[in-house]
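K.L.:
What follows is a single structure, and I will ask about it in a moment.
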Amino acid sequence: MCDLNPQETQHLLSALHEIDDLTAKVAAHAADVEKTAFMDHETLAALLTSLRDRADSAREWVTAKPAQHADHHG
């Protein structure tokens with residue numbers, strides 16, 4: 001666990017909200033597929049790529065944060 005300053009808090013919350021928004025879009029697409037048995041592969045591929053990229057970026061930031069915290073307090 002580590003404390004976040006206001007800028008870091010805003011950065012993390014922004015990233016998590018972006019992931020949440022993309023997840024909602026994927027869920028909506030899944031609901032459409034369930035209703036229609038039709039997949040817009042280009043849209044779904046783009047959504048999944050964006051979701052992966054945002055999640056990877058957030059994961060990298062979260063993973064690096066404890067090391068940064070240790071550097072400043074060690």
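Convention: chains lettered A, B, ... in structure tokens order; per-chain residue numbering from 1; ligands numbered from 1 as shown.
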Just the residues within 9 Å of region 37-50 of chain A, please, counting only C-alpha atoms, with nothing from its chain fewer than 4 positions along; format it as a list in words.
P.N.:
Ile19, Leu22, Thr23, Lys25, Val26, His29, Ala30, Asp32, Val33, Arg54 and Ala55 of chain A
K.L.:
Would you output that residue set with all heavy atoms, as a compact mmCIF listing (two decimals), in the first residue's frame?
P.N.:
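Wrote it out as out01.txt, contents follow:
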```
# COMPACT_ATOMS: atom_id res chain seq x y z
N ILE A 19 -11.13 2.49 -18.28
CA ILE A 19 -11.28 1.04 -18.36
C ILE A 19 -12.74 0.65 -18.13
O ILE A 19 -13.30 -0.18 -18.85
CB ILE A 19 -10.34 0.34 -17.35
CG1 ILE A 19 -8.89 0.52 -17.80
CG2 ILE A 19 -10.70 -1.13 -17.19
CD1 ILE A 19 -7.86 0.15 -16.75
N LEU A 22 -14.78 1.47 -21.24
CA LEU A 22 -14.53 0.50 -22.31
C LEU A 22 -15.19 -0.84 -21.99
O LEU A 22 -15.74 -1.50 -22.88
CB LEU A 22 -13.03 0.32 -22.53
CG LEU A 22 -12.35 1.48 -23.25
CD1 LEU A 22 -10.83 1.36 -23.11
CD2 LEU A 22 -12.75 1.51 -24.72
N THR A 23 -15.15 -1.24 -20.73
CA THR A 23 -15.79 -2.49 -20.33
C THR A 23 -17.29 -2.43 -20.59
O THR A 23 -17.90 -3.40 -21.06
CB THR A 23 -15.50 -2.79 -18.84
OG1 THR A 23 -14.09 -2.87 -18.67
CG2 THR A 23 -16.12 -4.09 -18.39
N LYS A 25 -18.74 -0.67 -22.89
CA LYS A 25 -18.93 -0.76 -24.35
C LYS A 25 -18.80 -2.21 -24.83
O LYS A 25 -19.56 -2.64 -25.70
CB LYS A 25 -17.93 0.13 -25.07
CG LYS A 25 -18.23 1.61 -24.90
CD LYS A 25 -17.20 2.48 -25.57
CE LYS A 25 -17.49 3.94 -25.33
NZ LYS A 25 -16.49 4.83 -25.93
N VAL A 26 -17.85 -2.96 -24.26
CA VAL A 26 -17.70 -4.37 -24.62
C VAL A 26 -18.96 -5.13 -24.19
O VAL A 26 -19.48 -5.97 -24.94
CB VAL A 26 -16.43 -4.98 -24.00
CG1 VAL A 26 -16.40 -6.49 -24.15
CG2 VAL A 26 -15.18 -4.36 -24.63
N HIS A 29 -21.72 -4.45 -26.55
CA HIS A 29 -21.50 -5.18 -27.79
C HIS A 29 -21.86 -6.65 -27.60
O HIS A 29 -22.48 -7.27 -28.47
CB HIS A 29 -20.04 -5.04 -28.25
CG HIS A 29 -19.83 -5.42 -29.67
ND1 HIS A 29 -20.11 -4.58 -30.72
CD2 HIS A 29 -19.39 -6.57 -30.23
CE1 HIS A 29 -19.84 -5.20 -31.86
NE2 HIS A 29 -19.40 -6.41 -31.58
N ALA A 30 -21.50 -7.21 -26.47
CA ALA A 30 -21.84 -8.61 -26.18
C ALA A 30 -23.35 -8.80 -26.14
O ALA A 30 -23.87 -9.80 -26.66
CB ALA A 30 -21.21 -9.04 -24.85
N ASP A 32 -25.55 -7.06 -27.79
CA ASP A 32 -26.00 -7.01 -29.19
C ASP A 32 -25.73 -8.33 -29.90
O ASP A 32 -26.57 -8.81 -30.66
CB ASP A 32 -25.30 -5.87 -29.94
CG ASP A 32 -25.80 -4.50 -29.54
OD1 ASP A 32 -26.89 -4.41 -28.92
OD2 ASP A 32 -25.11 -3.51 -29.87
N VAL A 33 -24.56 -8.90 -29.65
CA VAL A 33 -24.23 -10.19 -30.27
C VAL A 33 -25.23 -11.25 -29.81
O VAL A 33 -25.71 -12.06 -30.61
CB VAL A 33 -22.78 -10.62 -29.93
CG1 VAL A 33 -22.53 -12.06 -30.34
CG2 VAL A 33 -21.78 -9.69 -30.61
N ARG A 54 -5.30 0.13 -22.34
CA ARG A 54 -5.56 0.93 -21.14
C ARG A 54 -5.26 0.13 -19.87
O ARG A 54 -4.68 0.64 -18.93
CB ARG A 54 -7.02 1.41 -21.08
CG ARG A 54 -7.47 2.29 -22.23
CD ARG A 54 -6.88 3.68 -22.18
NE ARG A 54 -7.44 4.64 -23.10
CZ ARG A 54 -7.54 4.55 -24.41
NH1 ARG A 54 -7.16 3.47 -25.03
NH2 ARG A 54 -8.01 5.54 -25.13
N ALA A 55 -5.65 -1.14 -19.87
CA ALA A 55 -5.40 -1.99 -18.70
C ALA A 55 -3.90 -2.21 -18.52
O ALA A 55 -3.39 -2.15 -17.39
CB ALA A 55 -6.13 -3.32 -18.83
```
K.L.:
What's the 12 Å shell around region 56-63 of chain A, counting only C-alpha atoms, without same-chain residues fewer than 5 positions away, as a list in words?
P.N.:
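Here the qualifying residues turn out to be Met1, Cys2, Asp3, Leu4, Glu8, Thr9, His11, Leu12, Leu13, Ser14, Ala15, Leu16, His17, Glu18, Ile19, Leu48, Thr49, Ser50, Leu51, Gln68 and His69 of chain A.
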K.L.:
Dump C-alpha atoms for the selected residues as a short mmCIF file (atom, residue, chain, number, x, y, z; two decimals), in the first residue's frame?
P.N.:
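Saved to part02.cif:
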```cif
data_model
loop_
_atom_site.label_atom_id
_atom_site.label_comp_id
_atom_site.auth_asym_id
_atom_site.auth_seq_id
_atom_site.Cartn_x
_atom_site.Cartn_y
_atom_site.Cartn_z
CA MET A 1 0.00 0.00 0.00
CA CYS A 2 1.13 3.52 -0.65
CA ASP A 3 -0.27 7.01 -0.38
CA LEU A 4 -1.15 8.93 -3.51
CA GLU A 8 -1.59 10.58 -8.76
CA THR A 9 -5.09 9.96 -7.43
CA HIS A 11 -4.36 9.94 -12.85
CA LEU A 12 -5.34 6.56 -11.42
CA LEU A 13 -9.04 7.36 -11.22
CA SER A 14 -9.03 8.65 -14.80
CA ALA A 15 -7.38 5.44 -16.02
CA LEU A 16 -9.82 3.27 -14.07
CA HIS A 17 -12.82 5.23 -15.38
CA GLU A 18 -11.55 4.79 -18.95
CA ILE A 19 -11.28 1.04 -18.36
CA LEU A 48 -10.70 -5.08 -27.00
CA THR A 49 -7.42 -3.56 -28.18
CA SER A 50 -8.23 -0.28 -26.42
CA LEU A 51 -9.24 -2.15 -23.27
CA GLN A 68 8.73 4.94 -6.70
CA HIS A 69 7.37 5.21 -3.17
#
```
